[in-house]
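Visitor: I am sharing coords_9.cif, which consists of mmCIF, C-alpha atoms:
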```
data_structure
loop_
_atom_site.group_PDB
_atom_site.id
_atom_site.type_symbol
_atom_site.label_atom_id
_atom_site.label_comp_id
_atom_site.auth_asym_id
_atom_site.auth_seq_id
_atom_site.Cartn_x
_atom_site.Cartn_y
_atom_site.Cartn_z
ATOM 1 C CA MET A 1195 9.971 47.638 -114.384
ATOM 2 C CA GLY A 1196 8.952 51.049 -113.128
ATOM 3 C CA VAL A 1197 7.955 54.079 -115.019
ATOM 4 C CA GLN A 1198 10.712 56.593 -115.463
ATOM 5 C CA SER A 1199 10.202 60.255 -115.837
ATOM 6 C CA ASN A 1200 11.093 61.955 -119.070
ATOM 7 C CA ASP A 1201 14.521 62.859 -117.723
ATOM 8 C CA GLY A 1202 15.372 59.188 -116.934
ATOM 9 C CA GLU A 1203 15.102 59.376 -113.123
ATOM 10 C CA ARG A 1204 12.946 57.083 -110.978
ATOM 11 C CA THR A 1205 9.594 58.288 -109.867
ATOM 12 C CA ARG A 1206 8.931 59.000 -106.220
ATOM 13 C CA TYR A 1207 6.673 55.902 -106.030
ATOM 14 C CA GLN A 1208 9.527 53.615 -107.171
ATOM 15 C CA VAL A 1209 11.881 54.952 -104.517
ATOM 16 C CA MET A 1210 9.274 54.566 -101.744
ATOM 17 C CA ALA A 1211 8.388 51.015 -102.827
ATOM 18 C CA LYS A 1212 11.947 49.859 -102.122
ATOM 19 C CA ARG A 1213 12.337 51.736 -98.833
ATOM 20 C CA GLU A 1214 11.658 49.830 -95.582
ATOM 21 C CA THR A 1215 8.752 51.258 -93.608
ATOM 22 C CA LEU A 1216 9.322 52.415 -90.040
ATOM 23 C CA LEU A 1217 7.248 49.500 -88.693
ATOM 24 C CA GLN A 1218 9.208 46.987 -90.786
ATOM 25 C CA SER A 1219 12.445 48.528 -89.578
ATOM 26 C CA GLN A 1220 11.386 48.312 -85.929
ATOM 27 C CA ARG A 1221 10.290 44.698 -86.332
ATOM 28 C CA ARG A 1222 13.595 43.788 -88.009
ATOM 29 C CA LYS A 1223 15.629 45.488 -85.267
ATOM 30 C CA LEU A 1224 13.574 43.828 -82.533
ATOM 31 C CA ALA A 1225 14.078 40.415 -84.153
ATOM 32 C CA GLU A 1226 17.827 41.084 -84.370
ATOM 33 C CA GLN A 1227 17.957 42.131 -80.712
ATOM 34 C CA ARG A 1228 16.026 39.034 -79.623
ATOM 35 C CA ALA A 1229 18.315 36.788 -81.656
ATOM 36 C CA ALA A 1230 21.404 38.440 -80.152
ATOM 37 C CA LYS A 1231 19.978 38.092 -76.620
ATOM 38 C CA ALA A 1232 19.090 34.426 -77.185
ATOM 39 C CA ALA A 1233 22.577 33.747 -78.536
ATOM 40 C CA ALA A 1234 24.173 35.446 -75.517
ATOM 41 C CA GLU A 1235 21.974 33.502 -73.057
ATOM 42 C CA SER A 1236 22.654 30.246 -74.837
ATOM 43 C CA ALA A 1237 26.399 30.894 -74.670
ATOM 44 C CA GLN A 1238 26.092 31.187 -70.864
ATOM 45 C CA ARG A 1239 24.324 27.820 -70.409
ATOM 46 C CA PRO A 1240 26.251 24.591 -70.141
ATOM 47 C CA THR A 1241 26.043 22.340 -73.167
ATOM 48 C CA ASP A 1242 26.063 18.571 -73.480
ATOM 49 C CA THR A 1243 29.532 18.668 -74.984
ATOM 50 C CA ASP A 1244 31.145 21.314 -72.789
ATOM 51 C CA GLU A 1245 32.556 19.265 -69.908
ATOM 52 C CA ASN A 1246 33.976 22.378 -68.247
ATOM 53 C CA ARG A 1247 30.465 23.820 -67.827
ATOM 54 C CA ASN A 1248 28.490 20.616 -67.235
ATOM 55 C CA ARG A 1249 28.701 20.254 -63.466
ATOM 56 C CA VAL A 1250 27.204 16.758 -63.443
ATOM 57 C CA ARG A 1251 29.626 15.140 -65.907
ATOM 58 C CA VAL A 1252 32.305 15.035 -63.181
ATOM 59 C CA ILE A 1253 30.005 12.922 -61.010
ATOM 60 C CA THR A 1254 29.021 10.560 -63.828
ATOM 61 C CA ASN A 1255 32.717 9.919 -64.479
ATOM 62 C CA ARG A 1256 33.654 9.611 -60.794
ATOM 63 C CA MET A 1257 30.736 7.381 -59.729
ATOM 64 C CA ILE A 1258 31.222 4.573 -62.265
ATOM 65 C CA GLY A 1259 30.439 1.313 -60.456
ATOM 66 C CA VAL A 1260 28.889 3.000 -57.398
ATOM 67 C CA ARG A 1261 25.271 1.817 -57.013
ATOM 68 C CA ASP A 1262 24.278 3.258 -53.614
ATOM 69 C CA PRO A 1263 21.734 6.057 -54.290
ATOM 70 C CA ASP A 1264 22.639 7.894 -51.064
ATOM 71 C CA ILE A 1265 26.337 8.088 -51.900
ATOM 72 C CA VAL A 1266 25.712 9.194 -55.485
ATOM 73 C CA MET A 1267 23.069 11.755 -54.475
ATOM 74 C CA ASN A 1268 25.376 13.283 -51.852
ATOM 75 C CA GLN A 1269 28.106 13.627 -54.481
ATOM 76 C CA LEU A 1270 25.659 15.178 -56.940
ATOM 77 C CA LEU A 1271 24.394 17.775 -54.464
ATOM 78 C CA GLU A 1272 27.982 18.810 -53.719
ATOM 79 C CA VAL A 1273 28.543 20.041 -57.298
ATOM 80 C CA LEU A 1274 25.183 21.811 -57.648
ATOM 81 C CA GLU A 1275 24.055 25.142 -56.233
ATOM 82 C CA LYS A 1276 21.127 25.436 -53.857
ATOM 83 C CA SER A 1277 18.148 27.399 -55.216
ATOM 84 C CA ASP A 1278 16.213 29.976 -53.246
ATOM 85 C CA ALA A 1279 12.785 28.781 -54.393
ATOM 86 C CA PRO A 1280 11.312 26.494 -57.052
ATOM 87 C CA ILE A 1281 10.491 28.182 -60.352
ATOM 88 C CA PRO A 1282 7.960 26.637 -62.757
ATOM 89 C CA GLY A 1283 9.640 25.121 -65.804
ATOM 90 C CA LYS A 1284 13.016 24.599 -64.149
ATOM 91 C CA LEU A 1285 14.584 21.256 -63.207
ATOM 92 C CA TYR A 1286 15.584 20.331 -59.663
ATOM 93 C CA VAL A 1287 16.927 17.458 -57.565
ATOM 94 C CA TYR A 1288 16.612 17.070 -53.798
ATOM 95 C CA LYS A 1289 16.279 14.480 -51.063
ATOM 96 C CA TYR A 1290 12.705 13.767 -50.042
ATOM 97 C CA VAL A 1291 10.759 11.667 -47.537
ATOM 98 C CA ALA A 1292 6.991 11.384 -47.926
ATOM 99 C CA ILE A 1293 5.146 10.997 -44.642
ATOM 100 C CA THR A 1294 1.816 9.959 -46.167
ATOM 101 C CA PRO A 1295 1.299 6.317 -45.127
ATOM 102 C CA GLY A 1296 1.250 3.761 -47.916
ATOM 103 C CA ILE A 1297 2.236 6.123 -50.739
ATOM 104 C CA ARG A 1298 5.108 5.041 -52.990
ATOM 105 C CA TYR A 1299 7.598 7.852 -53.513
ATOM 106 C CA ASP A 1300 11.091 8.600 -54.815
ATOM 107 C CA ARG A 1301 13.645 9.639 -52.176
ATOM 108 C CA ASN A 1302 15.785 11.453 -54.784
ATOM 109 C CA PRO A 1303 13.399 12.973 -57.315
ATOM 110 C CA VAL A 1304 14.495 14.631 -60.555
ATOM 111 C CA VAL A 1305 11.644 17.075 -61.051
ATOM 112 C CA GLN A 1306 10.525 19.683 -63.523
ATOM 113 C CA ILE A 1307 8.336 22.113 -61.584
ATOM 114 C CA ARG A 1308 4.850 22.594 -63.047
ATOM 115 C CA ASN A 1309 3.447 25.053 -60.501
ATOM 116 C CA VAL A 1310 4.202 26.290 -57.000
ATOM 117 C CA SER A 1311 1.799 26.480 -54.074
ATOM 118 C CA GLU A 1312 1.976 27.856 -50.567
ATOM 119 C CA ASN A 1313 3.135 24.521 -49.098
ATOM 120 C CA GLY A 1314 5.138 23.034 -51.955
ATOM 121 C CA TRP A 1315 4.885 22.358 -55.678
ATOM 122 C CA VAL A 1316 3.615 20.073 -58.371
ATOM 123 C CA GLY A 1317 6.279 18.564 -60.559
ATOM 124 C CA GLN A 1318 6.962 15.892 -63.111
ATOM 125 C CA ASN A 1319 9.399 13.349 -61.700
ATOM 126 C CA PHE A 1320 11.515 11.903 -64.509
ATOM 127 C CA HIS A 1321 12.141 8.717 -62.504
ATOM 128 C CA TRP A 1322 8.421 7.904 -62.713
ATOM 129 C CA LEU A 1323 8.143 8.270 -66.504
ATOM 130 C CA GLY A 1324 6.783 4.978 -67.822
ATOM 131 C CA LYS A 1325 6.340 3.603 -64.283
ATOM 132 C CA GLY A 1326 3.079 5.168 -63.223
ATOM 133 C CA GLN A 1327 2.009 8.645 -62.316
ATOM 134 C CA SER A 1328 4.911 11.005 -63.072
ATOM 135 C CA ILE A 1329 3.117 14.202 -61.998
ATOM 136 C CA ARG A 1330 3.424 14.413 -58.223
ATOM 137 C CA ASN A 1331 2.629 16.822 -55.403
ATOM 138 C CA TYR A 1332 5.606 17.642 -53.195
ATOM 139 C CA LEU A 1333 5.503 19.343 -49.794
ATOM 140 C CA ALA A 1334 8.420 21.647 -48.990
ATOM 141 C CA SER A 1335 8.303 20.365 -45.393
ATOM 142 C CA GLU A 1336 9.177 16.844 -46.631
ATOM 143 C CA VAL A 1337 12.409 17.902 -48.371
ATOM 144 C CA ILE A 1338 15.208 16.499 -46.204
ATOM 145 C CA SER A 1339 18.211 17.898 -48.083
ATOM 146 C CA ASP A 1340 19.230 21.411 -47.069
ATOM 147 C CA GLY A 1341 17.294 22.752 -50.067
ATOM 148 C CA ILE A 1342 16.475 22.062 -53.683
ATOM 149 C CA TYR A 1343 19.177 22.132 -56.344
ATOM 150 C CA GLU A 1344 18.675 23.308 -59.912
ATOM 151 C CA ILE A 1345 20.025 21.297 -62.812
ATOM 152 C CA TYR A 1346 20.271 22.663 -66.335
ATOM 153 C CA PRO A 1347 18.378 21.018 -69.200
ATOM 154 C CA SER A 1348 21.714 20.079 -70.782
ATOM 155 C CA GLU A 1349 22.639 18.220 -67.557
ATOM 156 C CA LEU A 1350 19.409 16.210 -67.365
ATOM 157 C CA ARG A 1351 20.718 13.353 -69.509
ATOM 158 C CA ASP A 1352 23.762 12.951 -67.256
ATOM 159 C CA VAL A 1353 21.637 13.115 -64.091
ATOM 160 C CA MET A 1354 19.354 10.419 -65.478
ATOM 161 C CA THR A 1355 22.328 8.067 -65.936
ATOM 162 C CA LEU A 1356 23.167 8.301 -62.233
ATOM 163 C CA PRO A 1357 21.732 5.552 -59.971
ATOM 164 C CA ILE A 1358 19.913 7.965 -57.643
ATOM 165 C CA ARG A 1359 16.345 6.669 -58.142
ATOM 166 C CA ASP A 1360 15.244 5.252 -54.780
ATOM 167 C CA PHE A 1361 11.574 4.262 -54.484
ATOM 168 C CA LYS A 1362 10.165 3.731 -51.002
ATOM 169 C CA VAL A 1363 6.738 3.483 -49.345
ATOM 170 C CA GLY A 1364 5.733 6.264 -46.943
ATOM 171 C CA GLY A 1365 4.537 5.651 -43.486
#
```
What is this structure when it is put down as C-alpha cells?

Guide:
Amino acid sequence: MGVQSNDGERTRYQVMAKRETLLQSQRRKLAEQRAAKAAAESAQRPTDTDENRNRVRVITNRMIGVRDPDIVMNQLLEVLEKSDAPIPGKLYVYKYVAITPGIRYDRNPVVQIRNVSENGWVGQNFHWLGKGQSIRNYLASEVISDGIYEIYPSELRDVMTLPIRDFKVGG
C-alpha cells in the first residue's frame, strides 16, 4: 500500500504511520491501569454468589420464619460493621425513631445516602419505594442504634428480603 524507496525499504512516513503516538500510548496505559484497578476493587467486594463474603446471607438463612423486625434487625447489625460517618452514594441500615409528631417513618431504614448535612442526611429509603415519598431527611440525633452500618450493593437484595421494615407514626 505504501510507496517503497528504490532499494525496497519502507519510507519514513510508512514507519511513523504505524507507530503509536506518545499521547495514544499514555491513554492506552491509563485505560489499562484503570481496568486493572477496577478489577482489583471488584475482587475485594462481596458478590451475590459468594456466600463467604456476603455478610447478610447468614442472617437470611438463619432468620427463616422469624417475623419480628426488632429481632431480625438486631441480628443484622451484629454481622455488619459500624461506619464512622455517612458517605453519599453508600448504603446503610440503622435503627431510627422520628420525634416529629404525626410523621410516618421507618424504624429500620435501608438508605442510600444522597447528601450529608450538619445535623444528618438525606437518603432514599428502599422500604418506601412504591409506597410514597422514598427520599427522606434523617437527623443523626434520632438514630437509636449505636451508629449506622454500611451494607454493600451486592448485599442489598438479601437485606430487602429480611422482615425489618417497621413503619410507625412519630409523636

Visitor: Name every residue that the PyMOL selection byres ((chain A and resi 1283) around 10) selects in this structure, writing the answer as a list of chain:residue names with chains first and numbers rising.

Guide: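 Matching residues under the PyMOL selection byres ((chain A and resi 1283) around 10) are A:Pro1280, A:Ile1281, A:Pro1282, A:Lys1284, A:Leu1285, A:Tyr1286, A:Val1305, A:Gln1306, A:Ile1307, A:Arg1308, A:Asn1309, A:Gly1317, A:Gln1318.
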
Visitor: Name every residue that the PyMOL selection byres ((chain A and resi 1338) around 10) selects in this structure, writing the answer as a list of chain:residue names with chains first and numbers rising.

Guide: A:Tyr1288, A:Lys1289, A:Tyr1290, A:Val1291, A:Ala1292, A:Arg1301, A:Asn1302, A:Ala1334, A:Ser1335, A:Glu1336, A:Val1337, A:Ser1339, A:Asp1340, A:Gly1341, A:Ile1342

Visitor: Do you have the CA of Asp1300 in chain A-CA of Arg1247 in chain A distance handy?

Guide: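 Between CA of Asp1300 in chain A and CA of Arg1247 in chain A the gap is 27.9 Å.
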
Visitor: Suppose a student applies the PyMOL selection byres ((chain A and resi 1267) around 10) to this structure; what residues should they get, written as a PyMOL selection string?

Guide: chain A and resi 1253+1262-1266+1268-1272+1287-1289+1301-1302+1353+1356-1359

Visitor: Taking only C-alpha atoms into account, name the residue in A:Gln1227, A:Thr1254, A:Ser1311, A:Ser1328 that is nearest to Glu1349 in chain A.

Guide: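 When distances to Glu1349 in chain A are compared using only C-alpha atoms, the smallest one comes from A:Thr1254.
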
Visitor: What gap, in Å, lies between CA of Tyr1346 in chain A and CA of Asn1255 in chain A?

Guide: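 Computing the Euclidean distance for CA of Tyr1346 in chain A and CA of Asn1255 in chain A yields 17.9 Å.
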
Visitor: Give the answer as one residue: which of A:Glu1226, A:Val1260, A:Arg1251, A:Val1310 has the shortest atom-to-atom distance to Asp1352 in chain A, using only C-alpha atoms?

Guide: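 Of the candidates, the smallest distance to Asp1352 in chain A is held by A:Arg1251.
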